[in-house]
file start_3.txt (compact mmCIF, C-alpha atoms)
# COMPACT_ATOMS: atom_id res chain seq x y z
CA MET F 23 1.27 47.89 -10.97
CA ARG F 24 4.34 48.48 -8.86
CA ALA F 25 2.33 47.92 -5.67
CA ARG F 26 1.00 44.62 -7.00
CA LEU F 27 4.47 43.45 -7.92
CA GLU F 28 5.62 44.40 -4.46
CA THR F 29 2.86 42.35 -2.78
CA LEU F 30 3.69 39.42 -5.05
CA GLY F 31 7.34 39.70 -4.14
CA ALA F 32 6.58 39.99 -0.43
CA ARG F 33 4.29 36.94 -0.54
CA THR F 34 6.93 34.90 -2.36
CA LEU F 35 9.60 35.87 0.16
CA ASP F 36 7.21 35.00 3.01
CA GLY F 37 6.53 31.63 1.46
CA ILE F 38 10.21 30.86 1.02
CA GLY F 39 10.87 32.01 4.56
CA ALA F 40 8.14 29.73 5.92
CA LEU F 41 9.53 26.77 3.93
CA GLY F 42 12.95 27.46 5.41
CA ALA F 43 11.48 27.68 8.91
CA VAL F 44 9.68 24.36 8.43
CA ALA F 45 12.93 22.77 7.25
CA VAL F 46 14.79 24.14 10.30
CA LEU F 47 12.05 22.80 12.60
CA ALA F 48 12.23 19.42 10.85
CA LEU F 49 16.00 19.26 11.39
CA GLN F 50 15.57 20.19 15.05
CA ILE F 51 12.94 17.47 15.46
CA VAL F 52 15.24 14.87 13.88
CA ARG F 53 18.11 15.93 16.15
CA MET F 54 15.95 15.90 19.27
CA GLY F 55 14.39 12.57 18.32
CA LEU F 56 17.78 10.88 17.97
CA LYS F 57 19.33 12.38 21.09
CA PRO F 58 18.66 11.05 24.61
CA PRO F 59 16.62 11.47 26.77
CA TYR F 60 13.99 9.70 24.70
CA ARG F 61 10.95 10.63 26.83
CA LEU F 62 9.05 7.36 26.24
CA ARG F 63 6.25 8.48 28.56
CA ARG F 64 5.55 11.49 26.30
CA TRP F 65 5.59 9.25 23.22
CA VAL F 66 3.02 6.88 24.70
CA ASP F 67 0.76 9.84 25.53
CA GLU F 68 1.06 11.28 22.04
CA VAL F 69 0.49 7.97 20.26
CA LEU F 70 -2.56 7.50 22.46
CA ASP F 71 -3.81 10.95 21.54
CA SER F 72 -3.22 10.96 17.79
CA GLY F 73 -3.34 7.23 17.11
CA VAL F 74 -5.57 5.28 19.43
CA ARG F 75 -8.24 7.95 19.60
CA SER F 76 -8.35 8.04 15.77
CA VAL F 77 -8.95 4.31 15.43
CA LEU F 78 -12.71 4.49 15.68
CA ILE F 79 -13.22 7.22 13.09
CA VAL F 80 -10.67 5.60 10.75
CA CYS F 81 -12.34 2.19 10.99
CA LEU F 82 -15.84 3.58 10.60
CA SER F 83 -14.87 5.61 7.53
CA GLY F 84 -12.95 2.66 6.13
CA ALA F 85 -15.92 0.32 6.40
CA THR F 86 -18.31 2.73 4.68
CA VAL F 87 -15.81 3.66 1.95
CA GLY F 88 -15.15 -0.01 1.19
CA ALA F 89 -18.85 -0.81 1.19
CA SER F 90 -19.80 2.01 -1.16
CA LEU F 91 -16.86 1.27 -3.45
CA SER F 92 -18.11 -2.30 -3.68
CA LEU F 93 -21.64 -1.16 -4.56
CA LEU F 94 -20.34 1.26 -7.16
CA GLY F 95 -17.99 -1.25 -8.76
CA TYR F 96 -20.58 -4.00 -8.82
CA GLY F 97 -23.05 -1.81 -10.74
CA THR F 98 -20.56 -1.27 -13.54
CA LEU F 99 -18.80 -4.65 -13.59
CA SER F 100 -22.00 -6.69 -13.59
CA ARG F 101 -22.96 -5.13 -16.93
CA PHE F 102 -20.03 -6.96 -18.48
CA GLY F 103 -20.46 -10.09 -16.42
CA ALA F 104 -17.14 -9.33 -14.75
CA GLU F 105 -18.23 -9.31 -11.09
CA GLY F 106 -15.29 -11.57 -10.40
CA PHE F 107 -12.98 -8.58 -10.76
CA LEU F 108 -14.70 -6.67 -7.96
CA GLY F 109 -11.94 -7.64 -5.54
CA ALA F 110 -9.25 -6.36 -7.90
CA LEU F 111 -11.06 -3.06 -8.44
CA VAL F 112 -11.64 -2.44 -4.74
CA GLY F 113 -8.12 -3.52 -3.84
CA HIS F 114 -6.45 -1.28 -6.42
CA ALA F 115 -8.46 1.75 -5.36
CA LEU F 116 -8.02 1.23 -1.63
CA VAL F 117 -4.44 0.08 -1.23
CA ARG F 118 -2.78 2.64 -3.46
CA GLU F 119 -4.92 5.75 -3.55
CA LEU F 120 -7.94 5.98 -1.28
CA GLY F 121 -6.38 4.25 1.72
CA PRO F 122 -3.43 6.57 2.34
CA VAL F 123 -5.18 9.75 1.19
CA LEU F 124 -8.39 9.31 3.18
CA THR F 125 -6.55 8.12 6.28
CA ALA F 126 -4.27 11.14 6.13
CA LEU F 127 -7.16 13.56 5.57
CA LEU F 128 -9.08 12.08 8.48
CA VAL F 129 -6.08 12.16 10.78
CA ALA F 130 -5.22 15.72 9.71
CA GLY F 131 -8.76 16.79 10.53
CA ARG F 132 -9.02 14.94 13.82
CA ALA F 133 -5.55 14.74 15.34
CA GLY F 134 -3.58 17.33 13.34
CA SER F 135 -5.97 20.16 14.15
CA ALA F 136 -6.04 19.18 17.83
CA MET F 137 -2.25 19.06 17.88
CA ALA F 138 -1.93 22.54 16.38
CA ALA F 139 -4.59 23.96 18.72
CA GLU F 140 -2.90 22.46 21.77
CA ILE F 141 0.51 23.86 20.90
CA ALA F 142 -0.98 27.23 19.91
CA SER F 143 -2.82 27.55 23.21
CA MET F 144 0.41 26.63 25.00
CA VAL F 145 2.04 29.52 23.13
CA GLN F 146 -0.85 31.82 24.05
CA THR F 147 -0.78 30.95 27.75
CA GLU F 148 3.03 31.23 27.82
CA GLN F 149 3.50 27.60 28.83
CA LEU F 150 6.28 27.17 26.28
CA ASP F 151 8.01 30.24 27.74
CA GLY F 152 7.61 28.59 31.14
CA LEU F 153 9.42 25.52 29.83
CA ARG F 154 12.20 27.72 28.47
CA MET F 155 12.49 29.35 31.91
CA MET F 156 13.19 25.90 33.33
CA SER F 157 15.74 25.48 30.51
CA ILE F 158 13.67 22.74 28.88
CA ASP F 159 13.63 23.10 25.13
CA PRO F 160 9.96 23.08 24.03
CA VAL F 161 10.98 21.54 20.70
CA ASP F 162 12.48 18.65 22.64
CA TYR F 163 9.69 18.22 25.18
CA VAL F 164 6.53 19.18 23.27
CA ILE F 165 7.09 19.33 19.52
CA THR F 166 9.27 16.29 18.84
CA PRO F 167 7.05 13.65 20.49
CA LYS F 168 3.99 15.09 18.79
CA ALA F 169 5.48 15.24 15.29
CA CYS F 170 7.17 11.84 15.54
CA SER F 171 4.09 10.11 16.93
CA MET F 172 2.15 11.39 13.92
CA ILE F 173 4.73 9.85 11.58
CA ALA F 174 4.67 6.54 13.47
CA VAL F 175 0.91 6.39 13.69
CA MET F 176 0.02 7.10 10.07
CA PRO F 177 1.16 3.78 8.49
CA LEU F 178 -0.55 1.84 11.28
CA LEU F 179 -3.82 3.68 10.76
CA TYR F 180 -3.43 3.20 7.00
CA GLY F 181 -3.16 -0.55 7.53
CA LEU F 182 -6.24 -0.58 9.73
CA PHE F 183 -8.20 1.57 7.30
CA VAL F 184 -7.45 -0.64 4.30
CA VAL F 185 -8.14 -3.92 6.09
CA VAL F 186 -11.44 -2.66 7.51
CA ALA F 187 -12.38 -1.20 4.11
CA LEU F 188 -11.63 -4.52 2.42
CA LEU F 189 -13.82 -6.26 4.99
CA GLY F 190 -16.61 -3.77 4.29
CA ALA F 191 -16.24 -4.32 0.56
CA LEU F 192 -16.19 -8.08 1.09
CA TYR F 193 -19.36 -7.94 3.17
CA VAL F 194 -21.30 -5.87 0.64
CA GLY F 195 -19.91 -7.64 -2.42
CA VAL F 196 -20.17 -11.23 -1.19
CA ASP F 197 -22.96 -11.29 1.39
CA LEU F 198 -25.28 -8.66 -0.05
CA LEU F 199 -24.63 -8.70 -3.80
CA GLY F 200 -23.74 -12.34 -4.22
CA VAL F 201 -20.25 -12.24 -5.75
CA ASP F 202 -18.39 -15.50 -5.24
CA ARG F 203 -16.17 -15.23 -2.15
CA GLY F 204 -13.30 -17.16 -3.69
CA GLN F 205 -13.39 -15.07 -6.86
CA PHE F 206 -13.43 -11.85 -4.87
CA LEU F 207 -10.46 -12.86 -2.74
CA SER F 208 -8.39 -14.41 -5.53
CA SER F 209 -8.88 -11.44 -7.86
CA LEU F 210 -7.91 -9.17 -4.96
CA GLU F 211 -4.78 -11.19 -4.24
CA ASP F 212 -3.86 -11.60 -7.91
CA ALA F 213 -4.27 -7.93 -8.74
CA LEU F 214 -2.03 -6.62 -6.00
CA ASN F 215 1.64 -7.18 -5.42
CA PHE F 216 3.87 -5.87 -2.71
CA ARG F 217 6.23 -3.59 -4.62
CA GLU F 218 3.67 -1.91 -6.84
CA HIS F 219 0.81 -1.44 -4.42
CA VAL F 220 1.33 -2.18 -0.75
CA ALA F 221 4.79 -0.60 -0.62
CA GLN F 222 3.49 2.46 -2.43
CA GLY F 223 0.61 2.78 0.04
CA LEU F 224 2.99 2.50 2.98
CA VAL F 225 5.41 5.06 1.55
CA LYS F 226 2.52 7.43 0.97
CA ALA F 227 1.22 6.94 4.49
CA LEU F 228 4.68 7.67 5.90
CA ALA F 229 5.06 10.77 3.72
CA PHE F 230 1.65 12.05 4.74
CA GLY F 231 2.52 11.40 8.39
CA VAL F 232 5.60 13.57 7.97
CA LEU F 233 3.52 16.27 6.25
CA VAL F 234 0.73 16.36 8.85
CA GLY F 235 3.11 16.13 11.80
CA LEU F 236 5.35 18.92 10.52
CA ILE F 237 2.55 21.23 9.40
CA ALA F 238 0.55 20.84 12.63
CA THR F 239 3.51 21.44 14.92
CA TYR F 240 4.90 24.29 12.81
CA ARG F 241 1.55 26.07 12.66
CA GLY F 242 1.02 25.69 16.39
CA TYR F 243 4.56 26.63 17.33
CA THR F 244 4.67 29.80 15.21
CA SER F 245 1.12 30.96 16.00
CA GLU F 246 0.29 34.42 17.33
CA PRO F 247 -0.19 34.36 21.13
CA THR F 248 -3.87 35.36 20.87
CA SER F 249 -7.20 33.53 20.65
CA ALA F 250 -7.32 34.43 16.96
CA GLY F 251 -3.85 32.92 16.66
CA VAL F 252 -5.11 29.58 18.02
CA SER F 253 -7.98 29.46 15.56
CA ALA F 254 -5.73 30.53 12.67
CA ALA F 255 -3.26 27.79 13.53
CA THR F 256 -6.03 25.17 13.60
CA THR F 257 -7.61 26.25 10.32
CA GLY F 258 -4.24 26.69 8.66
CA THR F 259 -3.19 23.19 9.67
CA VAL F 260 -6.25 21.51 8.21
CA VAL F 261 -6.17 23.52 4.96
CA THR F 262 -2.43 23.30 4.33
CA ALA F 263 -2.21 19.66 5.35
CA SER F 264 -5.17 18.60 3.18
CA VAL F 265 -3.92 20.39 0.09
CA SER F 266 -0.35 19.18 0.49
CA ILE F 267 -1.55 15.60 1.06
CA LEU F 268 -3.46 15.66 -2.23
CA VAL F 269 -0.60 17.25 -4.18
CA CYS F 270 1.99 14.94 -2.63
CA ASN F 271 -0.24 11.95 -3.44
CA TYR F 272 -0.25 12.86 -7.12
CA VAL F 273 3.51 13.35 -7.17
CA ILE F 274 4.19 9.96 -5.54
CA THR F 275 1.73 8.18 -7.84
CA ALA F 276 3.30 9.80 -10.90
CA LEU F 277 6.89 9.14 -9.85
CA TRP F 278 6.40 5.57 -8.56
CA GLY F 279 8.16 3.02 -10.70
CA ILE F 280 10.36 5.47 -12.57
CA MET Q 21 -0.94 4.67 37.83
CA ALA Q 22 -4.04 2.84 36.71
CA SER Q 23 -4.66 5.38 33.98
CA THR Q 24 -1.10 5.27 32.64
CA ARG Q 25 -1.22 1.46 32.64
CA SER Q 26 -4.41 1.47 30.63
CA SER Q 27 -3.06 4.07 28.22
CA GLU Q 28 0.03 1.96 27.65
CA PHE Q 29 -2.19 -1.05 27.11
CA ALA Q 30 -4.29 0.86 24.57
CA VAL Q 31 -1.18 2.02 22.70
CA GLY Q 32 0.22 -1.50 22.71
CA LEU Q 33 -3.04 -2.89 21.38
CA PHE Q 34 -3.18 -0.20 18.70
CA VAL Q 35 0.37 -0.85 17.53
CA MET Q 36 -0.27 -4.60 17.41
CA ALA Q 37 -3.47 -4.13 15.39
CA GLY Q 38 -1.77 -1.71 12.99
CA LEU Q 39 1.23 -3.99 12.47
CA ALA Q 40 -1.05 -7.00 12.00
CA SER Q 41 -3.05 -5.26 9.30
CA ILE Q 42 0.11 -4.11 7.50
CA ALA Q 43 1.44 -7.66 7.71
CA TYR Q 44 -1.83 -8.99 6.30
CA LEU Q 45 -1.68 -6.49 3.41
CA SER Q 46 1.94 -7.30 2.63
CA LEU Q 47 1.85 -11.06 2.95
CA GLN Q 48 -1.64 -12.16 2.04
CA VAL Q 49 -2.91 -9.49 -0.31
CA GLY Q 50 0.43 -8.22 -1.58
CA GLY Q 51 1.59 -11.76 -2.23
CA LEU Q 52 5.06 -11.16 -0.87
CA ASN Q 53 6.50 -14.64 -1.31
CA TYR Q 54 5.44 -16.43 1.84
CA ARG Q 55 5.76 -19.95 0.52
CA GLY Q 56 9.50 -19.60 0.90
CA GLU Q 57 12.14 -22.19 0.12
CA GLY Q 58 11.58 -25.83 0.94
CA GLY Q 59 8.56 -26.41 -1.28
CA LEU Q 60 8.70 -28.35 -4.54
CA GLN Q 61 10.59 -26.24 -7.07
CA LEU Q 62 10.29 -27.31 -10.72
CA VAL Q 63 11.69 -25.94 -13.97
CA ALA Q 64 10.10 -25.79 -17.41
CA HIS Q 65 11.32 -24.45 -20.74
CA PHE Q 66 9.14 -22.73 -23.33
CA ASP Q 67 9.75 -21.25 -26.78
CA ASP Q 68 7.29 -18.47 -26.01
CA VAL Q 69 5.79 -17.58 -22.65
CA GLY Q 70 3.50 -14.91 -24.09
CA GLY Q 71 2.10 -12.76 -21.30
CA LEU Q 72 3.00 -15.07 -18.42
CA THR Q 73 4.16 -13.14 -15.36
CA THR Q 74 5.85 -14.06 -12.10
CA ARG Q 75 3.31 -14.96 -9.38
CA ALA Q 76 1.00 -16.37 -12.03
CA PRO Q 77 -0.82 -19.38 -10.58
CA VAL Q 78 0.11 -22.97 -11.42
CA SER Q 79 -2.91 -25.23 -11.43
CA ILE Q 80 -3.81 -28.86 -11.87
CA ALA Q 81 -7.37 -29.51 -13.04
CA GLY Q 82 -8.19 -25.91 -12.20
CA VAL Q 83 -6.96 -26.16 -8.61
CA THR Q 84 -4.14 -23.76 -7.77
CA VAL Q 85 -1.13 -25.67 -6.44
CA GLY Q 86 1.63 -23.07 -6.70
CA GLN Q 87 2.94 -20.00 -8.43
CA VAL Q 88 5.60 -18.89 -10.89
CA ARG Q 89 8.76 -17.79 -9.11
CA SER Q 90 10.87 -16.49 -11.99
CA ILE Q 91 11.00 -16.22 -15.77
CA ALA Q 92 14.38 -15.86 -17.44
CA LEU Q 93 16.17 -16.60 -20.71
CA ASP Q 94 18.26 -19.78 -20.73
CA GLU Q 95 21.47 -20.45 -22.70
CA TYR Q 96 19.52 -21.78 -25.72
CA MET Q 97 17.48 -18.55 -25.97
CA ARG Q 98 14.38 -20.21 -24.62
CA ALA Q 99 12.31 -19.05 -21.68
CA GLN Q 100 13.13 -20.81 -18.42
CA VAL Q 101 10.28 -20.74 -15.93
CA ILE Q 102 10.86 -21.72 -12.31
CA MET Q 103 7.77 -22.45 -10.22
CA ASP Q 104 7.09 -23.13 -6.55
CA LEU Q 105 4.60 -25.91 -5.90
CA ASP Q 106 3.10 -27.54 -2.83
CA SER Q 107 5.76 -29.80 -1.38
CA ASP Q 108 3.52 -32.86 -1.04
CA LEU Q 109 2.69 -32.91 -4.75
CA ALA Q 110 3.68 -36.17 -6.50
CA LEU Q 111 3.85 -35.34 -10.21
CA PRO Q 112 4.80 -38.16 -12.64
CA VAL Q 113 7.88 -37.39 -14.75
CA ASP Q 114 5.91 -37.40 -18.00
CA SER Q 115 3.56 -34.62 -16.86
CA VAL Q 116 2.90 -31.84 -19.35
CA VAL Q 117 2.98 -28.16 -18.42
CA ALA Q 118 1.08 -25.72 -20.65
CA ILE Q 119 0.53 -21.97 -20.70
CA ARG Q 120 -3.20 -21.27 -20.74
CA THR Q 121 -5.36 -18.19 -20.63
CA ALA Q 122 -8.25 -17.76 -18.20
CA GLY Q 123 -11.14 -16.85 -20.50
CA ILE Q 124 -10.58 -14.71 -23.57
CA LEU Q 125 -9.30 -11.62 -21.80
CA GLY Q 126 -8.00 -13.24 -18.63
CA ASP Q 127 -4.46 -13.58 -17.32
CA GLN Q 128 -2.16 -16.38 -18.34
CA PHE Q 129 -1.38 -19.23 -15.99
CA LEU Q 130 0.39 -22.58 -16.03
CA ALA Q 131 -1.73 -25.71 -16.28
CA VAL Q 132 -0.12 -29.03 -15.40
CA GLU Q 133 -1.54 -32.25 -16.81
CA PRO Q 134 -0.23 -35.18 -14.76
CA GLY Q 135 1.26 -38.07 -16.69
CA ALA Q 136 1.10 -41.82 -16.06
CA GLU Q 137 4.68 -42.78 -15.05
CA GLU Q 138 5.44 -44.29 -11.63
CA VAL Q 139 8.51 -42.10 -11.11
CA VAL Q 140 7.71 -38.63 -9.72
CA LEU Q 141 9.46 -35.29 -10.20
CA THR Q 142 11.53 -34.06 -7.26
CA SER Q 143 12.59 -30.52 -6.41
CA GLY Q 144 14.92 -28.90 -8.96
CA GLU Q 145 13.94 -31.26 -11.77
CA GLU Q 146 12.58 -30.26 -15.14
CA PHE Q 147 9.37 -30.93 -17.00
CA SER Q 148 10.15 -32.86 -20.21
CA PHE Q 149 7.03 -31.73 -22.05
CA SER Q 150 5.77 -28.18 -22.35
CA GLU Q 151 3.19 -26.40 -24.47
CA ASP Q 152 3.75 -22.76 -25.45
CA ALA Q 153 1.35 -19.90 -25.04
CA LEU Q 154 -1.23 -19.76 -27.76
CA SER Q 155 -0.62 -16.53 -29.64
CA LEU Q 156 -3.77 -15.23 -31.29
CA GLU Q 157 -1.75 -12.92 -33.55
CA ARG Q 158 0.37 -15.80 -34.80
CA LEU Q 159 -2.70 -17.96 -35.40
CA ILE Q 160 -4.38 -15.18 -37.38
CA GLY Q 161 -1.16 -14.59 -39.32
CA LYS Q 162 -0.95 -18.28 -40.20
CA PHE Q 163 -4.57 -18.34 -41.22
CA VAL Q 164 -4.21 -15.28 -43.43
CA ASN Q 165 -1.03 -16.70 -45.05
CA ASN Q 166 -2.64 -20.03 -45.73
CA ALA Q 167 -5.73 -18.41 -47.17
CA GLY Q 168 -3.54 -16.24 -49.43
CA LEU Q 169 -1.51 -19.22 -50.61
CA SER Q 170 -4.49 -21.40 -51.38
CA SER Q 171 -6.19 -18.70 -53.43
CA ASP Q 172 -2.97 -17.89 -55.35
CA ASP Q 173 -2.15 -21.51 -56.07
CA PRO Q 174 -3.71 -22.78 -59.25
call {"tool": "encode", "arguments": {"input": "start_3.txt", "output": "structure tokens"}}
result
Amino acid sequence: MRARLETLGARTLDGIGALGAVAVLALQIVRMGLKPPYRLRRWVDEVLDSGVRSVLIVCLSGATVGASLSLLGYGTLSRFGAEGFLGALVGHALVRELGPVLTALLVAGRAGSAMAAEIASMVQTEQLDGLRMMSIDPVDYVITPKACSMIAVMPLLYGLFVVVALLGALYVGVDLLGVDRGQFLSSLEDALNFREHVAQGLVKALAFGVLVGLIATYRGYTSEPTSAGVSAATTGTVVTASVSILVCNYVITALWGI
Amino acid sequence: MASTRSSEFAVGLFVMAGLASIAYLSLQVGGLNYRGEGGLQLVAHFDDVGGLTTRAPVSIAGVTVGQVRSIALDEYMRAQVIMDLDSDLALPVDSVVAIRTAGILGDQFLAVEPGAEEVVLTSGEEFSFSEDALSLERLIGKFVNNAGLSSDDP
């Protein structure tokens, strides 16, 4: 009994310690991001890596998600003769919930894991120590551009995802299933407004960008300098980021509008 | 150099595409007011607006010509509805504006029936005639009352 309590206590303390370490890293990133030199070259590279190279997978997933959502919604709505509301249904689902969550999960799996693995292998091969030897702060040179590019990239990818998904839904709903184009678009535009839906989606995308960026860089930066450490950092990033994205999504949805 | 140029180009393209899609979502789908000032702005007063909301469409003969900008209470405790309409619309001064419902379960919208006068409404002016929202509950209440009265009366 005592031993169990002790493990519980140790785990809790570890967890609190890790949270504190993440917060310290976040503060360092903010400080380094605001302070010159701004290292634009590094930013471009990182946005290319985590953003541009994710465009294809994000668009492809968006198109199929939109298309299947359209099929699913049509099956139910047509029973009530309410196919006209297909646009509203698809729009609600995509803009507020599916868009930010799926984009963030995809980016966490594709770019977040790569980011953590890259930093972890830099730790393992003592490249970060090499930077310190040249009195370059690795947080400034490596971590900050990576984390910040993730935050900048997420809302942009969210926008792309939703627009492509809406196009996919429009194609399936209008061209394949025969819903009236005008009805689809007007119900979509009527059902959504900026404050309730689009702003919420953007805030979520930003929050998830912060989550993925922080978790990936923290996991990589604090990894063990071994091969096992690299793999643990990668796995840990994907698992922690995915779970925290889903939990954070619920919290934002529940708190929005209060 | 060639590779850095092309990477910058790719990033630029990506940022443009992302911003364009966010702008599309906000303006077109989100209906952030893009009509702006300068259109025809008209005012109408109602005793009861029912479930009318801002951004509800304003239509003439079923064609959407504008949207509701704001709904507020005026000094006589009536509902004051301000709407933005297409600026090239020439509505006679005796036009009637009514609150209608799209289908049985649909949303409420404003329907304008143009009048016959030569003089047209200009921006900031008020509709003289308005029809309130049809309240099903009130209709049923009236019906039940009337039925009760007629059966009680000898």
call {"tool": "atom_distance", "arguments": {"input": "start_3.txt", "atom1": "atom CA of F:Ser100", "atom2": "atom CA of F:Ser209"}}
result
15.1 Å
call {"tool": "interface_residues", "arguments": {"input": "start_3.txt", "of": "chain F", "to": "chain Q", "cutoff": "7 Å", "atoms": "all atoms listed in the file", "output": "MDAnalysis selection string"}}
result
chainID F and resid 66 69:70 74 178:179 181:182 185 210:211 214:216 220
call {"tool": "atom_distance", "arguments": {"input": "start_3.txt", "atom1": "atom CA of F:Thr98", "atom2": "atom CA of F:Cys81"}}
result
26.1 Å
call {"tool": "atom_distance", "arguments": {"input": "start_3.txt", "atom1": "atom CA of Q:Ser150", "atom2": "atom CA of Q:Ala64"}}
result
7.0 Å
call {"tool": "residues_around", "arguments": {"input": "start_3.txt", "residues": "F:Asp197", "least_positions_apart": "5", "cutoff": "12 Å", "atoms": "all atoms listed in the file", "output": "list of chain:residue names"}}
result
F:Ala89, F:Ser92, F:Leu93, F:Leu189, F:Gly190, F:Ala191, F:Leu192, F:Asp202, F:Arg203, F:Phe206
call {"tool": "residues_around", "arguments": {"input": "start_3.txt", "residues": "stretch 140-148 of chain F", "least_positions_apart": "6", "cutoff": "6 Å", "atoms": "all atoms listed in the file", "output": "mmCIF file with C-alpha atoms, in the coordinates of the input"}}
result
data_model
loop_
_atom_site.group_PDB
_atom_site.id
_atom_site.type_symbol
_atom_site.label_atom_id
_atom_site.label_comp_id
_atom_site.auth_asym_id
_atom_site.auth_seq_id
_atom_site.Cartn_x
_atom_site.Cartn_y
_atom_site.Cartn_z
ATOM 1 C CA GLY F 242 1.020 25.690 16.390
ATOM 2 C CA SER F 245 1.120 30.960 16.000
ATOM 3 C CA PRO F 247 -0.190 34.360 21.130
ATOM 4 C CA THR F 248 -3.870 35.360 20.870
ATOM 5 C CA VAL F 252 -5.110 29.580 18.020
#
call {"tool": "closest_residue", "arguments": {"input": "start_3.txt", "among": "F:Gly152, F:Gly42, F:Pro58, F:Gly235", "to": "F:Thr262", "atoms": "all atoms listed in the file"}}
result
F:Gly235
call {"tool": "residues_around", "arguments": {"input": "start_3.txt", "residues": "stretch 107-117 of chain Q", "least_positions_apart": "5", "cutoff": "8 Å", "atoms": "all atoms listed in the file", "output": "ChimeraX atom specification"}}
result
/Q:58-60,64,130-141,147-151
call {"tool": "closest_residue", "arguments": {"input": "start_3.txt", "among": "Q:Thr74, Q:Thr121, Q:His65, Q:Gln87", "to": "Q:Ala99", "atoms": "only C-alpha atoms"}}
result
Q:His65
call {"tool": "closest_residue", "arguments": {"input": "start_3.txt", "among": "Q:Ser26, Q:Gly86, Q:Ser79, Q:Asp68", "to": "Q:Ala122", "atoms": "only C-alpha atoms"}}
result
Q:Ser79
call {"tool": "residues_around", "arguments": {"input": "start_3.txt", "residues": "stretch 45-55 of chain F", "least_positions_apart": "5", "cutoff": "9 Å", "atoms": "all atoms listed in the file", "output": "CSV table (one decimal) with C-alpha atoms, in the coordinates of the input"}}
result
chain,number,residue,atom,x,y,z
F,40,ALA,CA,8.1,29.7,5.9
F,60,TYR,CA,14.0,9.7,24.7
F,161,VAL,CA,11.0,21.5,20.7
F,162,ASP,CA,12.5,18.6,22.6
F,163,TYR,CA,9.7,18.2,25.2
F,165,ILE,CA,7.1,19.3,19.5
F,166,THR,CA,9.3,16.3,18.8
F,167,PRO,CA,7.0,13.6,20.5
F,169,ALA,CA,5.5,15.2,15.3
F,170,CYS,CA,7.2,11.8,15.5
F,236,LEU,CA,5.4,18.9,10.5
F,239,THR,CA,3.5,21.4,14.9
F,240,TYR,CA,4.9,24.3,12.8
